[in-house]
$ cat upload-v9.tsv   # TSV, C-alpha atoms
chain	number	residue	atom	x	y	z
A	1	MET	CA	-11.77	9.45	11.67
A	2	ASP	CA	-15.23	11.03	11.69
A	3	ARG	CA	-14.40	13.37	8.82
A	4	TRP	CA	-13.66	10.38	6.57
A	5	LYS	CA	-17.06	8.73	6.99
A	6	GLY	CA	-18.74	8.18	3.64
A	7	ARG	CA	-15.68	9.22	1.69
A	8	VAL	CA	-13.87	7.06	-0.86
A	9	ALA	CA	-10.60	5.23	-0.31
A	10	LEU	CA	-8.71	3.11	-2.83
A	11	VAL	CA	-6.57	0.31	-1.41
A	12	THR	CA	-4.36	-1.69	-3.77
A	13	GLY	CA	-3.35	-5.26	-2.98
A	14	ALA	CA	-6.49	-5.56	-0.88
A	15	SER	CA	-7.12	-9.30	-1.07
A	16	VAL	CA	-4.78	-10.56	1.67
A	17	GLY	CA	-2.36	-9.57	4.40
A	18	ILE	CA	-1.76	-5.92	5.20
A	19	GLY	CA	-4.10	-4.72	2.45
A	20	ALA	CA	-7.03	-6.78	3.75
A	21	ALA	CA	-6.41	-5.53	7.31
A	22	ILE	CA	-6.35	-1.91	6.13
A	23	VAL	CA	-9.56	-2.38	4.17
A	24	LYS	CA	-11.38	-3.81	7.19
A	25	GLU	CA	-10.32	-0.91	9.42
A	26	LEU	CA	-11.38	1.72	6.89
A	27	VAL	CA	-14.75	0.06	6.36
A	28	ARG	CA	-15.18	-0.24	10.13
A	29	HIS	CA	-14.65	3.52	10.35
A	30	GLY	CA	-17.39	4.18	7.80
A	31	MET	CA	-15.46	4.71	4.58
A	32	LYS	CA	-16.45	3.52	1.12
A	33	VAL	CA	-13.43	1.43	0.15
A	34	VAL	CA	-12.55	0.29	-3.35
A	35	GLY	CA	-10.30	-2.71	-2.79
A	36	CYS	CA	-8.41	-3.91	-5.84
A	37	ALA	CA	-6.35	-7.00	-6.62
A	38	ARG	CA	-6.08	-9.66	-9.27
A	39	ASP	CA	-7.87	-12.16	-7.01
A	40	VAL	CA	-11.17	-10.35	-6.61
A	41	ASP	CA	-12.90	-13.41	-5.10
A	42	LYS	CA	-10.99	-12.93	-1.84
A	43	ILE	CA	-12.07	-9.28	-1.69
A	44	GLN	CA	-15.69	-10.30	-2.27
A	45	LYS	CA	-15.44	-12.66	0.73
A	46	LEU	CA	-13.89	-9.83	2.74
A	47	ALA	CA	-16.78	-7.55	1.75
A	48	ALA	CA	-19.24	-10.14	3.03
A	49	GLU	CA	-17.31	-10.38	6.31
A	50	CYS	CA	-17.43	-6.61	6.77
A	51	GLN	CA	-21.16	-6.58	6.10
A	52	SER	CA	-21.79	-9.45	8.53
A	53	ALA	CA	-19.78	-7.62	11.18
A	54	GLY	CA	-22.11	-4.65	10.84
A	55	TYR	CA	-19.42	-2.17	9.82
A	56	SER	CA	-20.81	1.22	8.84
A	57	GLY	CA	-18.78	1.51	5.64
A	58	VAL	CA	-18.81	-0.56	2.48
A	59	LEU	CA	-16.19	-2.50	0.53
A	60	VAL	CA	-16.37	-2.43	-3.27
A	61	PRO	CA	-14.24	-5.22	-4.83
A	62	PHE	CA	-12.46	-4.37	-8.08
A	63	LYS	CA	-10.37	-6.69	-10.23
A	64	CYS	CA	-7.19	-4.98	-11.45
A	65	ASP	CA	-3.77	-6.17	-12.56
A	66	LEU	CA	-1.36	-3.43	-11.52
A	67	HIS	CA	1.17	-4.58	-14.12
A	68	ASN	CA	-1.18	-3.10	-16.72
A	69	GLU	CA	-1.57	0.70	-16.89
A	70	GLU	CA	-4.74	0.42	-18.97
A	71	GLU	CA	-6.41	-1.61	-16.23
A	72	ILE	CA	-5.36	0.97	-13.64
A	73	LEU	CA	-6.76	3.82	-15.72
A	74	SER	CA	-9.99	1.88	-16.32
A	75	MET	CA	-10.31	1.37	-12.57
A	76	PHE	CA	-9.99	5.09	-11.87
A	77	SER	CA	-12.51	5.81	-14.62
A	78	ALA	CA	-14.96	3.39	-13.00
A	79	ILE	CA	-14.41	4.95	-9.57
A	80	LYS	CA	-15.13	8.38	-11.07
A	81	SER	CA	-18.35	7.30	-12.75
A	82	GLN	CA	-19.65	5.20	-9.84
A	83	HIS	CA	-18.27	6.95	-6.75
A	84	GLN	CA	-17.25	10.46	-7.93
A	85	GLY	CA	-13.56	9.95	-7.21
A	86	VAL	CA	-10.82	9.04	-4.74
A	87	ASP	CA	-10.26	10.95	-1.48
A	88	VAL	CA	-7.71	8.58	0.05
A	89	CYS	CA	-5.27	6.45	-1.95
A	90	ILE	CA	-3.37	3.70	-0.14
A	91	ASN	CA	-0.67	2.17	-2.32
A	92	ASN	CA	-0.25	-1.13	-0.53
A	93	ALA	CA	0.39	-3.62	-3.34
A	94	GLY	CA	3.93	-4.91	-3.60
A	95	LEU	CA	5.77	-8.05	-4.56
A	96	ALA	CA	9.20	-9.60	-4.35
A	97	TYR	CA	11.08	-12.34	-6.16
A	98	PRO	CA	14.31	-13.94	-4.86
A	99	GLU	CA	16.43	-12.65	-7.73
A	100	PRO	CA	19.93	-11.44	-6.70
A	101	LEU	CA	21.73	-8.63	-8.49
A	102	LEU	CA	24.49	-10.86	-9.85
A	103	ASN	CA	22.32	-13.51	-11.50
A	104	GLY	CA	18.67	-12.48	-11.19
A	105	LYS	CA	16.09	-12.74	-13.95
A	106	THR	CA	15.32	-9.51	-15.80
A	107	SER	CA	11.63	-10.46	-16.07
A	108	ALA	CA	11.33	-10.65	-12.27
A	109	TRP	CA	13.08	-7.30	-11.84
A	110	LYS	CA	10.67	-5.73	-14.33
A	111	SER	CA	7.67	-7.21	-12.54
A	112	MET	CA	8.82	-5.70	-9.23
A	113	LEU	CA	9.37	-2.32	-10.86
A	114	ASP	CA	5.96	-2.46	-12.56
A	115	VAL	CA	4.05	-3.02	-9.32
A	116	ASN	CA	6.22	-1.54	-6.56
A	117	VAL	CA	7.24	1.65	-8.38
A	118	LEU	CA	5.29	2.33	-11.59
A	119	ALA	CA	1.82	1.23	-10.44
A	120	LEU	CA	2.29	3.15	-7.20
A	121	SER	CA	3.23	6.26	-9.19
A	122	ILE	CA	0.34	5.86	-11.64
A	123	CYS	CA	-2.19	5.41	-8.83
A	124	THR	CA	-0.73	8.42	-7.03
A	125	ARG	CA	-1.00	10.58	-10.16
A	126	GLU	CA	-4.55	9.50	-10.92
A	127	ALA	CA	-5.66	9.91	-7.31
A	128	TYR	CA	-4.25	13.43	-7.19
A	129	GLN	CA	-5.94	14.35	-10.46
A	130	SER	CA	-9.21	12.96	-9.10
A	131	MET	CA	-8.89	15.14	-6.00
A	132	LYS	CA	-7.84	18.20	-7.97
A	133	GLU	CA	-10.75	18.12	-10.44
A	134	ARG	CA	-13.23	17.90	-7.53
A	135	ASN	CA	-11.46	20.59	-5.46
A	136	VAL	CA	-10.67	18.09	-2.71
A	137	ASP	CA	-8.03	19.85	-0.64
A	138	ASP	CA	-7.78	17.46	2.32
A	139	GLY	CA	-7.08	14.13	0.60
A	140	HIS	CA	-4.39	11.72	1.69
A	141	ILE	CA	-1.98	9.47	-0.22
A	142	ILE	CA	-0.34	6.72	1.84
A	143	ASN	CA	2.44	4.49	0.53
A	144	ILE	CA	3.03	1.20	2.32
A	145	ASN	CA	6.79	1.00	2.14
A	146	SER	CA	9.22	-1.23	4.08
A	147	MET	CA	12.19	-0.93	6.40
A	148	GLY	CA	13.91	-2.24	3.26
A	149	GLY	CA	13.39	1.24	1.86
A	150	HIS	CA	15.70	2.71	4.51
A	151	ARG	CA	18.58	0.24	4.85
A	152	VAL	CA	20.09	-2.69	2.99
A	153	VAL	CA	20.73	-5.93	4.83
A	154	PRO	CA	23.17	-8.61	3.52
A	155	HIS	CA	20.45	-10.78	2.01
A	156	ALA	CA	20.93	-11.11	-1.74
A	157	ASP	CA	17.44	-12.47	-2.43
A	158	VAL	CA	15.83	-9.13	-1.60
A	159	HIS	CA	18.41	-6.58	-2.77
A	160	PHE	CA	16.47	-5.65	-5.91
A	161	TYR	CA	13.21	-5.60	-3.94
A	162	PHE	CA	14.86	-3.22	-1.46
A	163	ALA	CA	15.88	-0.98	-4.36
A	164	THR	CA	12.22	-0.63	-5.33
A	165	LYS	CA	11.39	0.30	-1.75
A	166	PHE	CA	14.16	2.92	-1.65
A	167	ALA	CA	12.35	4.34	-4.68
A	168	VAL	CA	9.13	4.49	-2.66
A	169	THR	CA	10.93	6.49	0.04
A	170	ALA	CA	12.13	9.00	-2.56
A	171	LEU	CA	8.77	9.10	-4.36
A	172	THR	CA	6.87	9.85	-1.15
A	173	GLU	CA	9.14	12.74	-0.22
A	174	GLY	CA	9.07	14.03	-3.79
A	175	LEU	CA	5.27	13.86	-3.69
A	176	ARG	CA	5.18	15.82	-0.45
A	177	GLN	CA	7.33	18.54	-2.00
A	178	GLU	CA	5.22	18.73	-5.18
A	179	LEU	CA	2.01	18.94	-3.14
A	180	ARG	CA	3.48	21.86	-1.22
A	181	GLU	CA	4.45	23.58	-4.46
A	182	ALA	CA	0.89	23.06	-5.70
A	183	LYS	CA	-0.34	24.86	-2.55
A	184	THR	CA	-2.68	22.03	-1.62
A	185	HIS	CA	-3.33	20.53	1.79
A	186	ILE	CA	-3.38	16.98	0.42
A	187	ARG	CA	-1.01	14.96	2.57
A	188	ALA	CA	1.55	12.25	1.77
A	189	THR	CA	2.61	9.56	4.22
A	190	CYS	CA	5.03	6.65	4.05
A	191	ILE	CA	4.55	3.66	6.38
A	192	SER	CA	7.59	1.38	6.63
A	193	PRO	CA	7.06	-1.93	8.42
A	194	GLY	CA	9.74	-4.32	9.54
A	195	LEU	CA	8.98	-8.04	9.59
A	196	VAL	CA	5.21	-8.62	9.40
A	197	GLU	CA	3.76	-12.12	9.54
A	198	THR	CA	1.85	-12.36	6.26
A	199	GLU	CA	1.90	-14.51	3.14
A	200	PHE	CA	4.81	-12.37	1.83
A	201	ALA	CA	7.66	-14.77	2.67
A	202	PHE	CA	5.65	-17.74	1.42
A	203	ARG	CA	5.22	-16.01	-1.94
A	204	LEU	CA	8.87	-14.98	-1.99
A	205	TYR	CA	9.97	-18.55	-1.29
A	206	SER	CA	7.11	-20.37	-3.00
A	207	GLN	CA	9.43	-23.29	-3.79
A	208	ASN	CA	10.68	-23.53	-0.21
A	209	PRO	CA	7.87	-23.11	2.36
A	210	GLU	CA	10.16	-24.26	5.18
A	211	LYS	CA	12.44	-21.29	4.53
A	212	ALA	CA	9.44	-18.95	4.55
A	213	ALA	CA	8.14	-20.35	7.84
A	214	ALA	CA	11.59	-19.99	9.40
A	215	ALA	CA	11.62	-16.28	8.56
A	216	TYR	CA	8.65	-15.74	10.84
A	217	ALA	CA	9.68	-18.16	13.58
A	218	GLN	CA	12.83	-16.38	14.75
A	219	ILE	CA	11.12	-13.45	16.53
A	220	LYS	CA	7.69	-12.14	17.50
A	221	CYS	CA	6.73	-10.44	14.24
A	222	LEU	CA	4.41	-7.53	13.63
A	223	GLU	CA	0.79	-8.37	12.88
A	224	VAL	CA	-1.17	-6.96	9.94
A	225	THR	CA	-3.40	-5.05	12.36
A	226	ASP	CA	-0.33	-3.14	13.60
A	227	ILE	CA	0.10	-1.66	10.12
A	228	ALA	CA	-3.62	-1.01	9.70
A	229	ASN	CA	-3.51	0.90	13.01
A	230	ALA	CA	-0.61	2.99	11.67
A	231	VAL	CA	-2.76	3.91	8.65
A	232	ILE	CA	-5.61	4.97	10.95
A	233	TYR	CA	-3.17	7.03	13.03
A	234	ALA	CA	-1.93	8.89	9.95
A	235	LEU	CA	-5.45	9.54	8.67
A	236	SER	CA	-6.62	10.66	12.12
A	237	ALA	CA	-3.98	13.35	12.54
A	238	PRO	CA	-5.34	16.92	12.53
A	239	PRO	CA	-5.40	18.54	9.05
A	240	HIS	CA	-2.37	20.73	9.88
A	241	VAL	CA	-0.27	17.70	10.88
A	242	GLN	CA	1.51	15.61	8.26
A	243	ILE	CA	2.89	12.25	9.33
A	244	GLY	CA	5.79	11.93	6.93
A	245	ASP	CA	7.23	8.49	7.66
A	246	ILE	CA	6.19	5.89	10.22
A	247	GLN	CA	8.78	3.18	10.79
A	248	VAL	CA	7.31	0.19	12.61
A	249	ARG	CA	9.34	-2.86	13.49
A	250	PRO	CA	9.20	-5.72	16.00
A	251	VAL	CA	10.91	-5.05	19.32
A	252	GLU	CA	13.18	-8.04	18.73
A	253	GLN	CA	14.17	-7.12	15.18
A	254	ILE	CA	17.84	-6.20	15.10
A	255	SER	CA	18.09	-4.22	11.85
$ encode --input "upload-v9.tsv" --output "structure tokens"
Amino acid sequence: MDRWKGRVALVTGASVGIGAAIVKELVRHGMKVVGCARDVDKIQKLAAECQSAGYSGVLVPFKCDLHNEEEILSMFSAIKSQHQGVDVCINNAGLAYPEPLLNGKTSAWKSMLDVNVLALSICTREAYQSMKERNVDDGHIININSMGGHRVVPHADVHFYFATKFAVTALTEGLRQELREAKTHIRATCISPGLVETEFAFRLYSQNPEKAAAAYAQIKCLEVTDIANAVIYALSAPPHVQIGDIQVRPVEQIS
């Protein structure tokens, strides 16, 4: 990770869970991390924690609603003016609503598409353009996907969410191919966790916290640090090595 010291990483959905864990690891390794989310107060507290821990990097909190393209573009403009640009883009933000295909709400489907697919694609495009205009040839774009982007389980509440994650699988491979055609050494990686104990299920089942708790009680789940470690592994690979897709799941997880 030495070659990343002092360089700029953008992490979306950085306020809690996997995003917060990734941010802490990158800052610990000496990177300048722009962490964005709608709840910027939590990122500010995280920045203070990193500073108190004596980490060699720095966390820059940024308030951004990924449903809004204008806010995303303004964020990249601010990163350009204040920090030159993005060298690493980690598309971590994602959300799910329990809206089945047969009777789900269109508004919830659109919200999932806006964040899980469109915002990821916009951030990817803007990050690449930032690297290109500065002749950065060794950047890295990492998409935090899901095992739900590789198989569909019989669980109607997350079928549409899984569809957005299948899109992430296709978008990451398409990105890899376009980067090759552009004759750049910028790398693209997809990290697909299984069940991770975070606030995800509690947000999914906000009206039924008992159901959310039960989702994490059945097996020993992954921890957020397991996914942060996968990000560090991908970034640490030699420049000629591209980690295409890391699938990480609990030992006890069946599917």
$ residues_around --input "upload-v9.tsv" --residues "A:Asn135" --least-positions-apart "3" --cutoff "12 Å" --atoms "all atoms listed in the file" --output "list in words"
Gln84, Gly85, Val86, Asp87, Tyr128, Gln129, Ser130, Met131, Lys132, Asp138, Gly139, Thr184, His185 and Ile186 of chain A
$ atom_distance --input "upload-v9.tsv" --atom1 "atom CA of A:Tyr97" --atom2 "atom CA of A:Ser74"
27.4 Å
$ residues_around --input "upload-v9.tsv" --residues "stretch 30-41 of chain A" --least-positions-apart "6" --cutoff "7 Å" --atoms "all atoms listed in the file" --output "list in words"
Trp4, Lys5, Gly6, Arg7, Val8, Ala9, Leu10, Val11, Thr12, Gly13, Ala14, Ser15, Val23, Tyr55, Ser56, Gly57, Val58, Leu59, Val60, Pro61, Phe62, Lys63, Cys64 and Asp65 of chain A
$ write_last_selection --input "upload-v9.tsv" --atoms "C-alpha atoms" --output "PDB file, in the frame of the given file"
ATOM      1  CA  TRP A   4     -13.660  10.380   6.570  1.00  0.00           C
ATOM      2  CA  LYS A   5     -17.060   8.730   6.990  1.00  0.00           C
ATOM      3  CA  GLY A   6     -18.740   8.180   3.640  1.00  0.00           C
ATOM      4  CA  ARG A   7     -15.680   9.220   1.690  1.00  0.00           C
ATOM      5  CA  VAL A   8     -13.870   7.060  -0.860  1.00  0.00           C
ATOM      6  CA  ALA A   9     -10.600   5.230  -0.310  1.00  0.00           C
ATOM      7  CA  LEU A  10      -8.710   3.110  -2.830  1.00  0.00           C
ATOM      8  CA  VAL A  11      -6.570   0.310  -1.410  1.00  0.00           C
ATOM      9  CA  THR A  12      -4.360  -1.690  -3.770  1.00  0.00           C
ATOM     10  CA  GLY A  13      -3.350  -5.260  -2.980  1.00  0.00           C
ATOM     11  CA  ALA A  14      -6.490  -5.560  -0.880  1.00  0.00           C
ATOM     12  CA  SER A  15      -7.120  -9.300  -1.070  1.00  0.00           C
ATOM     13  CA  VAL A  23      -9.560  -2.380   4.170  1.00  0.00           C
ATOM     14  CA  TYR A  55     -19.420  -2.170   9.820  1.00  0.00           C
ATOM     15  CA  SER A  56     -20.810   1.220   8.840  1.00  0.00           C
ATOM     16  CA  GLY A  57     -18.780   1.510   5.640  1.00  0.00           C
ATOM     17  CA  VAL A  58     -18.810  -0.560   2.480  1.00  0.00           C
ATOM     18  CA  LEU A  59     -16.190  -2.500   0.530  1.00  0.00           C
ATOM     19  CA  VAL A  60     -16.370  -2.430  -3.270  1.00  0.00           C
ATOM     20  CA  PRO A  61     -14.240  -5.220  -4.830  1.00  0.00           C
ATOM     21  CA  PHE A  62     -12.460  -4.370  -8.080  1.00  0.00           C
ATOM     22  CA  LYS A  63     -10.370  -6.690 -10.230  1.00  0.00           C
ATOM     23  CA  CYS A  64      -7.190  -4.980 -11.450  1.00  0.00           C
ATOM     24  CA  ASP A  65      -3.770  -6.170 -12.560  1.00  0.00           C
TER      25      ASP A  65
END
$ residues_near_point --input "upload-v9.tsv" --point "(2.5, 13.0, 0.7)" --cutoff "8 Å" --atoms "only C-alpha atoms" --output "PyMOL selection string"
chain A and resi 140-142+172-173+175-177+179+186-190+244
$ residues_around --input "upload-v9.tsv" --residues "stretch 106-111 of chain A" --least-positions-apart "5" --cutoff "9 Å" --atoms "all atoms listed in the file" --output "JSON, numbers by chain"
{"A": [67, 95, 96, 97, 98, 99, 116, 160, 161]}
$ axis_aligned_box --input "upload-v9.tsv" --around "stretch 12-31 of chain A" --padding-each-side "5 Å" --output "AutoDock Vina command-line options"
--center_x -9.6 --center_y -2.9 --center_z 3.3 --size_x 25.6 --size_y 25.3 --size_z 24.1
$ residues_around --input "upload-v9.tsv" --residues "A:Gly94" --least-positions-apart "5" --cutoff "12 Å" --atoms "all atoms listed in the file" --output "PyMOL selection string"
chain A and resi 11-14+16-19+37+65-67+111-120+143-146+161-162+164-165+168+199-200+203-204
$ closest_atom_pairs --input "upload-v9.tsv" --of "stretch 162-220 of chain A" --to "stretch 247-252 of chain A" --cutoff "8 Å" --atoms "all atoms listed in the file" --output "tab-separated table"
residue	atom	partner	partner_atom	distance
A:Ile191	CA	A:Gln247	CA	6.1
A:Ser192	CA	A:Gln247	CA	4.7
A:Pro193	CA	A:Val248	CA	4.7
A:Gly194	CA	A:Arg249	CA	4.2
A:Leu195	CA	A:Arg249	CA	6.5
A:Ile219	CA	A:Glu252	CA	6.2
A:Lys220	CA	A:Pro250	CA	6.8
$ closest_residue --input "upload-v9.tsv" --among "A:Leu46, A:Ala163, A:Val224, A:Cys123" --to "A:Ser77" --atoms "all atoms listed in the file"
A:Cys123
$ closest_residue --input "upload-v9.tsv" --among "A:Ala20, A:Glu223, A:Glu210, A:His29" --to "A:Ile43" --atoms "all atoms listed in the file"
A:Ala20
$ atom_distance --input "upload-v9.tsv" --atom1 "atom CA of A:Val152" --atom2 "atom CA of A:Thr124"
25.6 Å
$ atom_distance --input "upload-v9.tsv" --atom1 "atom CA of A:Val153" --atom2 "atom CA of A:Leu101"
13.6 Å
$ closest_residue --input "upload-v9.tsv" --among "A:Met147, A:Ile79, A:Cys221, A:Ile72" --to "A:Thr169" --atoms "only C-alpha atoms"
A:Met147
$ closest_residue --input "upload-v9.tsv" --among "A:Ala127, A:Ala156, A:Ile22, A:Lys105" --to "A:Asn92" --atoms "only C-alpha atoms"
A:Ile22
$ decode --input "upload-v9.tsv" --residues "stretch 139-150 of chain A" --atoms "all heavy atoms" --output "short mmCIF file (atom, residue, chain, number, x, y, z; two decimals), in the first residue's frame"
data_model
loop_
_atom_site.label_atom_id
_atom_site.label_comp_id
_atom_site.auth_asym_id
_atom_site.auth_seq_id
_atom_site.Cartn_x
_atom_site.Cartn_y
_atom_site.Cartn_z
N GLY A 139 -4.72 4.19 -11.56
CA GLY A 139 -5.84 4.33 -10.65
C GLY A 139 -6.60 3.02 -10.47
O GLY A 139 -6.31 2.01 -11.12
N HIS A 140 -7.58 3.05 -9.58
CA HIS A 140 -8.33 1.82 -9.30
C HIS A 140 -9.78 2.18 -8.98
O HIS A 140 -10.04 3.11 -8.20
CB HIS A 140 -7.70 1.09 -8.10
CG HIS A 140 -7.92 -0.38 -8.10
ND1 HIS A 140 -6.95 -1.29 -7.75
CD2 HIS A 140 -9.01 -1.13 -8.41
CE1 HIS A 140 -7.42 -2.53 -7.84
NE2 HIS A 140 -8.68 -2.44 -8.23
N ILE A 141 -10.70 1.47 -9.60
CA ILE A 141 -12.13 1.64 -9.34
C ILE A 141 -12.65 0.32 -8.76
O ILE A 141 -12.51 -0.73 -9.39
CB ILE A 141 -12.89 2.01 -10.62
CG1 ILE A 141 -12.40 3.37 -11.14
CG2 ILE A 141 -14.40 2.07 -10.35
CD1 ILE A 141 -12.87 3.72 -12.53
N ILE A 142 -13.20 0.39 -7.55
CA ILE A 142 -13.67 -0.81 -6.86
C ILE A 142 -15.16 -0.67 -6.58
O ILE A 142 -15.60 0.30 -5.97
CB ILE A 142 -12.90 -1.03 -5.54
CG1 ILE A 142 -11.41 -1.24 -5.83
CG2 ILE A 142 -13.47 -2.22 -4.77
CD1 ILE A 142 -10.55 -1.39 -4.59
N ASN A 143 -15.93 -1.65 -7.03
CA ASN A 143 -17.36 -1.68 -6.79
C ASN A 143 -17.68 -2.70 -5.70
O ASN A 143 -17.34 -3.87 -5.84
CB ASN A 143 -18.12 -2.04 -8.07
CG ASN A 143 -18.00 -0.97 -9.14
OD1 ASN A 143 -17.87 0.21 -8.83
ND2 ASN A 143 -18.05 -1.37 -10.40
N ILE A 144 -18.30 -2.23 -4.62
CA ILE A 144 -18.75 -3.17 -3.59
C ILE A 144 -20.09 -3.74 -4.04
O ILE A 144 -21.11 -3.05 -4.04
CB ILE A 144 -18.88 -2.47 -2.21
CG1 ILE A 144 -17.54 -1.81 -1.84
CG2 ILE A 144 -19.29 -3.50 -1.16
CD1 ILE A 144 -16.35 -2.73 -1.76
N ASN A 145 -20.05 -4.97 -4.42
CA ASN A 145 -21.20 -5.65 -5.00
C ASN A 145 -21.89 -6.49 -3.92
O ASN A 145 -22.01 -6.05 -2.77
CB ASN A 145 -20.72 -6.49 -6.20
CG ASN A 145 -21.84 -6.97 -7.09
OD1 ASN A 145 -23.02 -6.76 -6.84
ND2 ASN A 145 -21.48 -7.65 -8.16
N SER A 146 -22.29 -7.68 -4.23
CA SER A 146 -22.97 -8.59 -3.31
C SER A 146 -22.99 -9.97 -3.95
O SER A 146 -22.96 -10.10 -5.18
CB SER A 146 -24.40 -8.11 -3.06
OG SER A 146 -25.18 -9.11 -2.44
N MET A 147 -23.06 -11.01 -3.10
CA MET A 147 -23.32 -12.34 -3.66
C MET A 147 -24.66 -12.34 -4.38
O MET A 147 -24.91 -13.17 -5.25
CB MET A 147 -23.31 -13.39 -2.55
CG MET A 147 -21.91 -13.74 -2.06
SD MET A 147 -20.82 -14.33 -3.39
CE MET A 147 -21.74 -15.72 -4.00
N GLY A 148 -25.52 -11.38 -4.03
CA GLY A 148 -26.80 -11.23 -4.74
C GLY A 148 -26.63 -10.78 -6.18
O GLY A 148 -27.60 -10.78 -6.94
N GLY A 149 -25.42 -10.41 -6.56
CA GLY A 149 -25.14 -10.07 -7.94
C GLY A 149 -24.67 -11.26 -8.76
O GLY A 149 -24.32 -11.13 -9.94
N HIS A 150 -24.71 -12.46 -8.14
CA HIS A 150 -24.22 -13.66 -8.82
C HIS A 150 -25.22 -14.82 -8.79
O HIS A 150 -25.08 -15.78 -9.53
CB HIS A 150 -22.90 -14.12 -8.18
CG HIS A 150 -21.82 -13.10 -8.26
ND1 HIS A 150 -20.98 -12.98 -9.34
CD2 HIS A 150 -21.45 -12.12 -7.39
CE1 HIS A 150 -20.12 -11.98 -9.13
NE2 HIS A 150 -20.39 -11.45 -7.95
#
